[in-house]
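Colleague: Sharing a structure with you now.
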Amino acid sequence: MPNTLRSVSSPALPVRSEPLVCVVDDDDAVRLSIRLLIETLGLEVRAFATALDFLADAQAREACHCLVLDVRMPGLSGTALQERLVREGNLMPIIFVSAHGDVPMVARAMREGAFDFLQKPFNDQILLDRVLEAVHHASQVRRQRLEIQEVERRLDSLTQREQDVMRGMVQGRLNKQIAQDLGISMKTVEQHRARVMEKLAVASLAELVRAVLKTGRFEL
């Protein structure tokens with residue numbers, strides 16, 4: 001199968017100085033209690049009475065590092081909101097909290113990628129621990145996505161010939177072999193190779209390979 005360099009467009013991520021936690025629960029007292037509890041961690045928290053209210057806040061939806069979500073709510077249930085977010089490709093960590101969770105419901109939520117499922121009344125410290133873990137996980141994922149976006153931007157700056165040379169480099173082919181493959185001189189290969197390393201801001205071939213393969217744009 002031929003190697004291909006695919007163009008992949010990643011959605012821009014909002015830049016935040018602090019992680020955002022969102023709470024969705026139709027019970028006013030529970031919603032306020034969870035919000036105040038999580039704020040003790042020094043995190044920014046936004047609370048919503050319904051899933052539809054949360055969906056209407058595009059900024060919160062895109063910036064949310066952790067969603068603490070009730071299951072049974074009017075209009076749109078917590079599990080239905082989870083399914084919608086998954087369909088949209090938004091894989092924010094979701095911690096369900098519910099007084100009505102049964103085994104099939106929990107299994108379904110976890111199968112869809114829920115970070116955790118806590119029964120009400122839950123232990124405050126357990127919720128705080130899981131929120132911190134979810135925020136840390138989301139921060140890592142977002143950082144990796146930003147790094148990939150930067151590599152993709154640098155890949156897009158390569159000329160077609162530089163991409164051809166880079167493909168040979170990633171395959172581990174020698175300059176002489178690349179020159180033969182492309183019908184150009186070794187000196188030209190060396191020039192393109194130097195520009196590839198400069199544009200990709202890498203110091204070694206191993207670093208180049210890791211960066212390119214991480215984007216998923218180069219298929220072996």
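FYI, nothing fancy with the structure tokens labels: chains A, B, ... in order, residues from 1 per chain, ligands from 1 as they appear.
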Just the residues within 8 Å of Val151 in chain A, please, counting only C-alpha atoms, with nothing from its chain fewer than 2 positions along; format it as a PDB file with C-alpha atoms, in the first residue's frame.

Modeller:
```
ATOM      1  CA  GLU A 147       0.920  20.126  19.867  1.00  0.00           C
ATOM      2  CA  ILE A 148      -0.486  18.103  16.964  1.00  0.00           C
ATOM      3  CA  GLN A 149      -2.136  21.204  15.511  1.00  0.00           C
ATOM      4  CA  ARG A 153       0.645  23.768  10.655  1.00  0.00           C
ATOM      5  CA  ARG A 154       4.358  23.203  10.093  1.00  0.00           C
ATOM      6  CA  LEU A 155       3.657  20.270   7.765  1.00  0.00           C
ATOM      7  CA  LEU A 200       9.394  21.154  11.585  1.00  0.00           C
ATOM      8  CA  ALA A 211       6.143  14.303  15.431  1.00  0.00           C
ATOM      9  CA  VAL A 212       4.856  13.245  12.009  1.00  0.00           C
ATOM     10  CA  THR A 215      -0.464  13.577  13.730  1.00  0.00           C
TER      11      THR A 215
END
```

Colleague: Neighbours of range 112-116 of chain A within 10 Å (only C-alpha atoms; same-chain residues fewer than 4 positions away dropped), as a list in words?

Modeller: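 Final neighbour list, sorted by chain and number: Cys66, Leu67, Val68, Thr79, Gln82, Glu83, Val86, Leu91, Met92, Pro93, Ile94, Ile95, Phe96, Val97, Val106, Ala107, Arg108, Leu127, Arg130, Val131, Glu133, Ala134 and His137 of chain A.
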
Colleague: Convert the current residue selection to file output with N, CA and C atoms, as a PDB file, in the first residue's frame.

Modeller:
```
ATOM      1  N   CYS A  66     -14.280  19.201  32.455  1.00  0.00           N
ATOM      2  CA  CYS A  66     -14.957  18.113  33.171  1.00  0.00           C
ATOM      3  C   CYS A  66     -16.425  18.490  33.323  1.00  0.00           C
ATOM      4  N   LEU A  67     -17.308  17.555  32.999  1.00  0.00           N
ATOM      5  CA  LEU A  67     -18.746  17.781  33.109  1.00  0.00           C
ATOM      6  C   LEU A  67     -19.306  16.876  34.199  1.00  0.00           C
ATOM      7  N   VAL A  68     -19.839  17.492  35.261  1.00  0.00           N
ATOM      8  CA  VAL A  68     -20.509  16.745  36.324  1.00  0.00           C
ATOM      9  C   VAL A  68     -21.996  16.771  35.992  1.00  0.00           C
ATOM     10  N   THR A  79     -27.829  11.059  29.976  1.00  0.00           N
ATOM     11  CA  THR A  79     -27.276  10.078  29.032  1.00  0.00           C
ATOM     12  C   THR A  79     -27.500  10.515  27.588  1.00  0.00           C
ATOM     13  N   GLN A  82     -24.851  13.015  26.848  1.00  0.00           N
ATOM     14  CA  GLN A  82     -23.594  12.327  26.611  1.00  0.00           C
ATOM     15  C   GLN A  82     -23.535  11.787  25.183  1.00  0.00           C
ATOM     16  N   GLU A  83     -24.605  11.148  24.735  1.00  0.00           N
ATOM     17  CA  GLU A  83     -24.642  10.597  23.385  1.00  0.00           C
ATOM     18  C   GLU A  83     -24.477  11.695  22.335  1.00  0.00           C
ATOM     19  N   VAL A  86     -20.835  12.859  22.250  1.00  0.00           N
ATOM     20  CA  VAL A  86     -20.002  11.843  21.598  1.00  0.00           C
ATOM     21  C   VAL A  86     -20.169  11.919  20.082  1.00  0.00           C
ATOM     22  N   LEU A  91     -15.226  14.851  23.473  1.00  0.00           N
ATOM     23  CA  LEU A  91     -14.957  13.756  24.405  1.00  0.00           C
ATOM     24  C   LEU A  91     -14.528  14.263  25.773  1.00  0.00           C
ATOM     25  N   MET A  92     -15.135  15.361  26.228  1.00  0.00           N
ATOM     26  CA  MET A  92     -14.823  15.864  27.567  1.00  0.00           C
ATOM     27  C   MET A  92     -15.125  14.785  28.601  1.00  0.00           C
ATOM     28  N   PRO A  93     -14.335  14.689  29.671  1.00  0.00           N
ATOM     29  CA  PRO A  93     -14.628  13.713  30.720  1.00  0.00           C
ATOM     30  C   PRO A  93     -15.964  14.030  31.391  1.00  0.00           C
ATOM     31  N   ILE A  94     -16.820  13.025  31.522  1.00  0.00           N
ATOM     32  CA  ILE A  94     -18.129  13.205  32.153  1.00  0.00           C
ATOM     33  C   ILE A  94     -18.199  12.355  33.415  1.00  0.00           C
ATOM     34  N   ILE A  95     -18.536  13.000  34.519  1.00  0.00           N
ATOM     35  CA  ILE A  95     -18.772  12.295  35.778  1.00  0.00           C
ATOM     36  C   ILE A  95     -20.269  12.361  36.055  1.00  0.00           C
ATOM     37  N   PHE A  96     -20.936  11.229  35.968  1.00  0.00           N
ATOM     38  CA  PHE A  96     -22.363  11.190  36.256  1.00  0.00           C
ATOM     39  C   PHE A  96     -22.586  11.126  37.762  1.00  0.00           C
ATOM     40  N   VAL A  97     -23.592  11.842  38.231  1.00  0.00           N
ATOM     41  CA  VAL A  97     -24.034  11.737  39.630  1.00  0.00           C
ATOM     42  C   VAL A  97     -25.540  11.527  39.591  1.00  0.00           C
ATOM     43  N   VAL A 106     -25.579   2.425  34.275  1.00  0.00           N
ATOM     44  CA  VAL A 106     -24.158   2.666  34.531  1.00  0.00           C
ATOM     45  C   VAL A 106     -23.310   2.043  33.433  1.00  0.00           C
ATOM     46  N   ALA A 107     -23.639   0.824  33.051  1.00  0.00           N
ATOM     47  CA  ALA A 107     -22.874   0.137  32.009  1.00  0.00           C
ATOM     48  C   ALA A 107     -22.944   0.895  30.693  1.00  0.00           C
ATOM     49  N   ARG A 108     -24.119   1.401  30.371  1.00  0.00           N
ATOM     50  CA  ARG A 108     -24.287   2.150  29.126  1.00  0.00           C
ATOM     51  C   ARG A 108     -23.464   3.423  29.142  1.00  0.00           C
ATOM     52  N   LEU A 127     -15.743  12.706  44.981  1.00  0.00           N
ATOM     53  CA  LEU A 127     -16.080  13.543  43.827  1.00  0.00           C
ATOM     54  C   LEU A 127     -14.949  14.506  43.512  1.00  0.00           C
ATOM     55  N   ARG A 130     -12.102  12.690  41.808  1.00  0.00           N
ATOM     56  CA  ARG A 130     -12.396  12.309  40.433  1.00  0.00           C
ATOM     57  C   ARG A 130     -12.427  13.526  39.511  1.00  0.00           C
ATOM     58  N   VAL A 131     -12.911  14.658  40.028  1.00  0.00           N
ATOM     59  CA  VAL A 131     -12.910  15.883  39.224  1.00  0.00           C
ATOM     60  C   VAL A 131     -11.480  16.290  38.898  1.00  0.00           C
ATOM     61  N   GLU A 133      -8.857  14.371  38.728  1.00  0.00           N
ATOM     62  CA  GLU A 133      -8.318  13.414  37.765  1.00  0.00           C
ATOM     63  C   GLU A 133      -8.852  13.693  36.361  1.00  0.00           C
ATOM     64  N   ALA A 134     -10.144  14.024  36.276  1.00  0.00           N
ATOM     65  CA  ALA A 134     -10.748  14.309  34.973  1.00  0.00           C
ATOM     66  C   ALA A 134     -10.153  15.571  34.361  1.00  0.00           C
ATOM     67  N   HIS A 137      -6.705  14.833  33.114  1.00  0.00           N
ATOM     68  CA  HIS A 137      -6.776  14.058  31.867  1.00  0.00           C
ATOM     69  C   HIS A 137      -7.134  14.973  30.696  1.00  0.00           C
TER      70      HIS A 137
END
```

Colleague: One number please: CA of Asp164 in chain A to CA of Leu146 in chain A, in Å, one decimal.

Modeller: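 Taking CA of Asp164 in chain A as the start and CA of Leu146 in chain A as the end point, the length is 25.1 Å.
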
Colleague: Name the residues in contact with Val23 in chain A at a cut-off of 9 Å, using only C-alpha atoms, excluding same-chain residues fewer than 5 positions from it; report them as a PDB file with N, CA and C atoms, in the first residue's frame.

Modeller:
```pdb
ATOM      1  N   ARG A  31     -27.274  21.332  42.721  1.00  0.00           N
ATOM      2  CA  ARG A  31     -26.415  22.053  41.777  1.00  0.00           C
ATOM      3  C   ARG A  31     -25.525  23.067  42.489  1.00  0.00           C
ATOM      4  N   ILE A  34     -22.844  21.189  44.685  1.00  0.00           N
ATOM      5  CA  ILE A  34     -21.727  20.648  43.904  1.00  0.00           C
ATOM      6  C   ILE A  34     -20.830  21.777  43.419  1.00  0.00           C
ATOM      7  N   ARG A  35     -21.441  22.876  42.983  1.00  0.00           N
ATOM      8  CA  ARG A  35     -20.650  24.006  42.508  1.00  0.00           C
ATOM      9  C   ARG A  35     -19.744  24.549  43.605  1.00  0.00           C
ATOM     10  N   VAL A  45     -16.114  27.183  37.921  1.00  0.00           N
ATOM     11  CA  VAL A  45     -17.257  26.287  37.767  1.00  0.00           C
ATOM     12  C   VAL A  45     -18.433  27.067  37.189  1.00  0.00           C
ATOM     13  N   ARG A  46     -19.088  26.488  36.179  1.00  0.00           N
ATOM     14  CA  ARG A  46     -20.336  27.036  35.658  1.00  0.00           C
ATOM     15  C   ARG A  46     -21.420  25.991  35.844  1.00  0.00           C
ATOM     16  N   ALA A  47     -22.573  26.435  36.344  1.00  0.00           N
ATOM     17  CA  ALA A  47     -23.656  25.501  36.644  1.00  0.00           C
ATOM     18  C   ALA A  47     -24.861  25.770  35.761  1.00  0.00           C
ATOM     19  N   PHE A  48     -25.541  24.683  35.364  1.00  0.00           N
ATOM     20  CA  PHE A  48     -26.688  24.770  34.461  1.00  0.00           C
ATOM     21  C   PHE A  48     -27.813  23.897  35.006  1.00  0.00           C
ATOM     22  N   ALA A  49     -29.049  24.390  34.874  1.00  0.00           N
ATOM     23  CA  ALA A  49     -30.202  23.673  35.392  1.00  0.00           C
ATOM     24  C   ALA A  49     -30.657  22.560  34.458  1.00  0.00           C
ATOM     25  N   PHE A  54     -26.926  23.995  29.008  1.00  0.00           N
ATOM     26  CA  PHE A  54     -25.495  23.752  28.802  1.00  0.00           C
ATOM     27  C   PHE A  54     -25.155  23.783  27.319  1.00  0.00           C
ATOM     28  N   CYS A  66     -14.280  19.201  32.455  1.00  0.00           N
ATOM     29  CA  CYS A  66     -14.957  18.113  33.171  1.00  0.00           C
ATOM     30  C   CYS A  66     -16.425  18.490  33.323  1.00  0.00           C
ATOM     31  N   LEU A  67     -17.308  17.555  32.999  1.00  0.00           N
ATOM     32  CA  LEU A  67     -18.746  17.781  33.109  1.00  0.00           C
ATOM     33  C   LEU A  67     -19.306  16.876  34.199  1.00  0.00           C
ATOM     34  N   VAL A  68     -19.839  17.492  35.261  1.00  0.00           N
ATOM     35  CA  VAL A  68     -20.509  16.745  36.324  1.00  0.00           C
ATOM     36  C   VAL A  68     -21.996  16.771  35.992  1.00  0.00           C
ATOM     37  N   LEU A  69     -22.561  15.611  35.727  1.00  0.00           N
ATOM     38  CA  LEU A  69     -23.850  15.545  35.036  1.00  0.00           C
ATOM     39  C   LEU A  69     -24.839  14.626  35.745  1.00  0.00           C
ATOM     40  N   ASP A  70     -26.030  15.172  36.002  1.00  0.00           N
ATOM     41  CA  ASP A  70     -27.121  14.366  36.530  1.00  0.00           C
ATOM     42  C   ASP A  70     -27.684  13.515  35.393  1.00  0.00           C
TER      43      ASP A  70
END
```

Colleague: If you run DSSP on the backbone, which residues of chain A are strand (DSSP E or B), as a VMD selection string?

Modeller: chain A and resid 4 to 5 20 to 24 44 to 48 64 to 70 94 to 98 116 to 119 218 to 219

Colleague: I'd like the contact shell of range 188-196 of chain A - 9 Å cut-off, only C-alpha atoms, skipping same-chain residues fewer than 4 positions apart - returned as a tab-separated table (two decimals) with C-alpha atoms, in the first residue's frame.

Modeller:
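That gives us part_0.tsv:
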```
chain	number	residue	atom	x	y	z
A	155	LEU	CA	3.66	20.27	7.77
A	158	LEU	CA	6.34	22.25	3.40
A	161	ARG	CA	9.14	18.31	-2.88
A	162	GLU	CA	9.97	18.79	0.79
A	163	GLN	CA	7.08	16.47	1.65
A	165	VAL	CA	11.88	14.06	0.85
A	166	MET	CA	10.37	13.96	4.33
A	169	MET	CA	13.26	10.32	5.72
A	175	ASN	CA	19.81	10.35	0.97
A	176	LYS	CA	21.14	8.36	-1.98
A	178	ILE	CA	15.71	9.29	-1.81
A	179	ALA	CA	17.60	10.96	-4.64
A	184	ILE	CA	17.11	14.48	-8.07
A	200	LEU	CA	9.39	21.15	11.59
A	201	ALA	CA	11.64	22.57	14.35
A	202	VAL	CA	13.17	19.16	15.14
```

Colleague: Report the residues of chain A whose backbone DSSP state falls under helix (DSSP H, G or I), written as a ChimeraX atom specification.

Modeller: /A:28-39,51-56,58-63,78-87,103-111,124-156,160-170,175-182,186-200,205-215

Colleague: Filtering to C-alpha atoms, could you give me those residues as a CSV table (one decimal), in the first residue's frame?

Modeller:
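So the final result, stored in selection35.csv, reads:
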```csv
chain,number,residue,atom,x,y,z
A,28,ASP,CA,-31.2,23.8,42.6
A,29,ALA,CA,-29.8,22.7,46.0
A,30,VAL,CA,-27.7,19.9,44.6
A,31,ARG,CA,-26.4,22.1,41.8
A,32,LEU,CA,-25.3,24.8,44.2
A,33,SER,CA,-23.8,22.3,46.6
A,34,ILE,CA,-21.7,20.6,43.9
A,35,ARG,CA,-20.7,24.0,42.5
A,36,LEU,CA,-19.5,25.3,45.9
A,37,LEU,CA,-17.8,22.0,46.6
A,38,ILE,CA,-15.7,22.0,43.4
A,39,GLU,CA,-14.9,25.7,43.8
A,51,ALA,CA,-28.8,19.9,29.5
A,52,LEU,CA,-30.3,22.3,26.9
A,53,ASP,CA,-29.0,25.3,28.9
A,54,PHE,CA,-25.5,23.8,28.8
A,55,LEU,CA,-25.7,23.1,25.1
A,56,ALA,CA,-26.8,26.7,24.5
A,58,ALA,CA,-21.1,27.2,23.2
A,59,GLN,CA,-18.1,28.7,25.0
A,60,ALA,CA,-18.7,26.5,28.1
A,61,ARG,CA,-19.3,23.4,25.9
A,62,GLU,CA,-16.0,23.8,24.0
A,63,ALA,CA,-13.9,24.9,27.1
A,78,GLY,CA,-27.9,13.2,31.1
A,79,THR,CA,-27.3,10.1,29.0
A,80,ALA,CA,-28.9,11.7,26.0
A,81,LEU,CA,-26.6,14.7,26.4
A,82,GLN,CA,-23.6,12.3,26.6
A,83,GLU,CA,-24.6,10.6,23.4
A,84,ARG,CA,-25.0,13.9,21.6
A,85,LEU,CA,-21.6,15.1,22.7
A,86,VAL,CA,-20.0,11.8,21.6
A,87,ARG,CA,-21.6,12.2,18.2
A,103,VAL,CA,-26.6,-1.5,36.5
A,104,PRO,CA,-27.7,-1.2,32.8
A,105,MET,CA,-27.6,2.6,33.0
A,106,VAL,CA,-24.2,2.7,34.5
A,107,ALA,CA,-22.9,0.1,32.0
A,108,ARG,CA,-24.3,2.1,29.1
A,109,ALA,CA,-22.8,5.4,30.4
A,110,MET,CA,-19.4,3.8,30.9
A,111,ARG,CA,-19.5,2.1,27.5
A,124,ASP,CA,-17.5,14.7,48.7
A,125,GLN,CA,-13.8,13.8,48.7
A,126,ILE,CA,-14.4,11.1,46.1
A,127,LEU,CA,-16.1,13.5,43.8
A,128,LEU,CA,-13.3,16.1,44.3
A,129,ASP,CA,-10.6,13.4,43.6
A,130,ARG,CA,-12.4,12.3,40.4
A,131,VAL,CA,-12.9,15.9,39.2
A,132,LEU,CA,-9.2,16.6,39.6
A,133,GLU,CA,-8.3,13.4,37.8
A,134,ALA,CA,-10.7,14.3,35.0
A,135,VAL,CA,-9.4,17.9,34.7
A,136,HIS,CA,-5.8,16.6,34.6
A,137,HIS,CA,-6.8,14.1,31.9
A,138,ALA,CA,-8.6,16.7,29.8
A,139,SER,CA,-5.6,19.1,30.1
A,140,GLN,CA,-3.3,16.5,28.8
A,141,VAL,CA,-5.5,15.7,25.9
A,142,ARG,CA,-5.9,19.3,25.0
A,143,ARG,CA,-2.2,19.9,25.3
A,144,GLN,CA,-1.5,17.0,23.0
A,145,ARG,CA,-4.1,18.2,20.5
A,146,LEU,CA,-2.5,21.7,20.5
A,147,GLU,CA,0.9,20.1,19.9
A,148,ILE,CA,-0.5,18.1,17.0
A,149,GLN,CA,-2.1,21.2,15.5
A,150,GLU,CA,1.2,23.0,15.6
A,151,VAL,CA,3.0,20.1,13.8
A,152,GLU,CA,0.2,20.0,11.2
A,153,ARG,CA,0.6,23.8,10.7
A,154,ARG,CA,4.4,23.2,10.1
A,155,LEU,CA,3.7,20.3,7.8
A,156,ASP,CA,1.4,22.5,5.7
A,160,GLN,CA,5.5,19.2,-2.3
A,161,ARG,CA,9.1,18.3,-2.9
A,162,GLU,CA,10.0,18.8,0.8
A,163,GLN,CA,7.1,16.5,1.6
A,164,ASP,CA,8.5,13.9,-0.8
A,165,VAL,CA,11.9,14.1,0.9
A,166,MET,CA,10.4,14.0,4.3
A,167,ARG,CA,8.4,10.8,3.4
A,168,GLY,CA,11.7,9.1,2.5
A,169,MET,CA,13.3,10.3,5.7
A,170,VAL,CA,10.4,8.9,7.8
A,175,ASN,CA,19.8,10.4,1.0
A,176,LYS,CA,21.1,8.4,-2.0
A,177,GLN,CA,18.0,6.2,-2.1
A,178,ILE,CA,15.7,9.3,-1.8
A,179,ALA,CA,17.6,11.0,-4.6
A,180,GLN,CA,17.1,7.9,-6.8
A,181,ASP,CA,13.4,7.6,-5.9
A,182,LEU,CA,12.8,11.3,-6.8
A,186,MET,CA,21.9,14.1,-3.4
A,187,LYS,CA,22.8,17.7,-2.9
A,188,THR,CA,19.2,18.7,-3.6
A,189,VAL,CA,18.0,16.0,-1.2
A,190,GLU,CA,20.3,17.4,1.5
A,191,GLN,CA,19.0,20.9,1.0
A,192,HIS,CA,15.4,19.8,1.2
A,193,ARG,CA,16.2,17.6,4.2
A,194,ALA,CA,17.7,20.6,6.0
A,195,ARG,CA,14.6,22.8,5.3
A,196,VAL,CA,12.3,20.0,6.5
A,197,MET,CA,14.2,19.8,9.8
A,198,GLU,CA,14.1,23.6,10.1
A,199,LYS,CA,10.4,24.0,9.3
A,200,LEU,CA,9.4,21.2,11.6
A,205,LEU,CA,15.4,12.2,12.6
A,206,ALA,CA,13.8,10.3,15.6
A,207,GLU,CA,12.1,13.5,16.7
A,208,LEU,CA,10.8,14.1,13.2
A,209,VAL,CA,9.4,10.6,12.9
A,210,ARG,CA,7.6,10.9,16.3
A,211,ALA,CA,6.1,14.3,15.4
A,212,VAL,CA,4.9,13.2,12.0
A,213,LEU,CA,3.4,9.9,13.1
A,214,LYS,CA,1.7,11.5,16.1
A,215,THR,CA,-0.5,13.6,13.7
```

Colleague: Could you work out how far CA of Gln119 in chain A lies from CA of Ser98 in chain A, giving the answer in Å with one decimal?

Modeller: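 Going from CA of Ser98 in chain A over to CA of Gln119 in chain A, I get 5.1 Å.
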
Colleague: So what do you get for CA of Glu88 in chain A versus CA of Glu44 in chain A, distance-wise?

Modeller: 24.1 Å
